[in-house]
Amino acid sequence: MIRQCLTRLKHSTEHLNYGRDIVSTWAADYLSGLGKDTANILDIGLGSGTDILNIKKAIPNIDCNLYGIESYEPSAERARRNGINVANINIECQPLPFENGYFDIVIANQIIEHTKEIFWIFSEISRVLKKGARVIIGVPNMASLHNRIALLVGLHPTSSRLLSAHVRGITKASFIPFITCGGYFDV
C-alpha cells in the first residue's frame, strides 16, 4: 500500500525528473547574454541529444557547435544523425577529447550519479571549460519528498536502489561543498 502511494506520488512528477526545461532555459539565458554569434556546447552522457538539441532550439540566433560523450552506440548514432559530434570514451578514466578552454557550456544531466570517479570527471570538465563559462549538472535528489517518505517507512529511496545503475546518492547539501572545493567552480 505505501509503495503504491509513493509510486503514484513520484509518477505525478515524472515530467520533472530530468529537468530538461530548466537545463535549456539556464543554458539559453547564459548563452544569449554572452553576445556571441557562436557557442560550443558539450553534453556528457548525451543519450540521443535531447538536452543539447533543446538548447539549440531555444537560441536560434546563435550558431551552436554541438558535442557529446555517449557510450551507448544506438543513442550515439541517433545523436550523430541530428548533427551532434559524438565521442565514445570512458569518462571515469579517459581525458575528454577536446582542447583546454573550448566550451561555453558543459552539461551532465542525470549522469554523475552513475559514476564513481567524480574528482576526475570534474577536473576534466574544468579543463575544457572556458574561463567563466557554465556547467549544468542534473542529478536525482536523494532528499526528495518521495525518497524521504520511503526512508521513513523503511523503504529504499528510488534515487539509490541497490538494483539500479546509480552508484551514489546526491543532495544539494553534499554536492555544493564538493563542487566548490579547491575553487574550481562557483555555485
# chains A, B, ... in the order shown; residues from 1 in each chain; ligands from 1
$ residues_around --residues "A:Ser24" --least-positions-apart "5" --cutoff "9 Å" --atoms "only C-alpha atoms" --output "list in words"
Gly19, Asp29, Asp51, Ile52, Leu53, Asn54, Ile55, Lys56, Lys57 and Ala58 of chain A
$ residues_around --residues "stretch 170-187 of chain A" --least-positions-apart "4" --cutoff "12 Å" --atoms "only C-alpha atoms" --output "ChimeraX atom specification"
/A:110-115,118-119,121-127,129-144,147-148,157,159-160,166
$ atom_distance --atom1 "atom CA of A:Asp21" --atom2 "atom CA of A:Gly45"
17.2 Å
$ residues_around --residues "A:Thr38" --least-positions-apart "3" --cutoff "6 Å" --atoms "only C-alpha atoms" --output "PDB file with N, CA and C atoms, in the first residue's frame"
ATOM      1  N   ILE A  62      21.955  31.935 -32.382  1.00  0.00           N
ATOM      2  CA  ILE A  62      23.340  31.596 -32.082  1.00  0.00           C
ATOM      3  C   ILE A  62      23.686  30.283 -32.787  1.00  0.00           C
ATOM      4  N   ASP A  63      24.795  30.288 -33.506  1.00  0.00           N
ATOM      5  CA  ASP A  63      25.264  29.082 -34.178  1.00  0.00           C
ATOM      6  C   ASP A  63      25.923  28.178 -33.133  1.00  0.00           C
ATOM      7  N   CYS A  64      25.320  27.038 -32.868  1.00  0.00           N
ATOM      8  CA  CYS A  64      25.805  26.134 -31.822  1.00  0.00           C
ATOM      9  C   CYS A  64      26.613  24.985 -32.414  1.00  0.00           C
TER      10      CYS A  64
END
$ closest_residue --among "A:Ala150, A:Ala27, A:Val86, A:Ala108" --to "A:Glu73" --atoms "only C-alpha atoms"
A:Val86
$ closest_residue --among "A:Pro60, A:Trp120, A:Asn82, A:Arg168" --to "A:Gln94" --atoms "only C-alpha atoms"
A:Trp120
$ select_by_dssp --residues "chain A" --states "helix (DSSP H, G or I)" --output "JSON, numbers by chain"
{"A": [2, 3, 4, 5, 6, 7, 8, 9, 10, 11, 14, 15, 16, 20, 21, 22, 23, 24, 25, 26, 27, 28, 29, 30, 31, 32, 33, 34, 50, 51, 52, 53, 54, 55, 56, 57, 58, 73, 74, 75, 76, 77, 78, 79, 80, 81, 112, 113, 114, 118, 119, 120, 121, 122, 123, 124, 125, 126, 127, 128, 145, 146, 147, 148, 149, 150, 151, 152, 158, 159, 160, 172, 173, 174, 175, 176, 177, 178, 179, 180, 181, 182, 183]}
$ residues_around --residues "A:Ser75" --least-positions-apart "2" --cutoff "12 Å" --atoms "only C-alpha atoms" --output "number ranges by chain"
A: 45-50, 68-73, 77-82, 84, 86-88
$ closest_residue --among "A:Ile44, A:Ile59, A:Val128, A:Leu151" --to "A:Ser32" --atoms "only C-alpha atoms"
A:Ile59
$ select_by_dssp --residues "chain A" --states "strand (DSSP E)" --output "PyMOL selection string"
chain A and resi 38-44+63-69+85-87+103-109+129-138
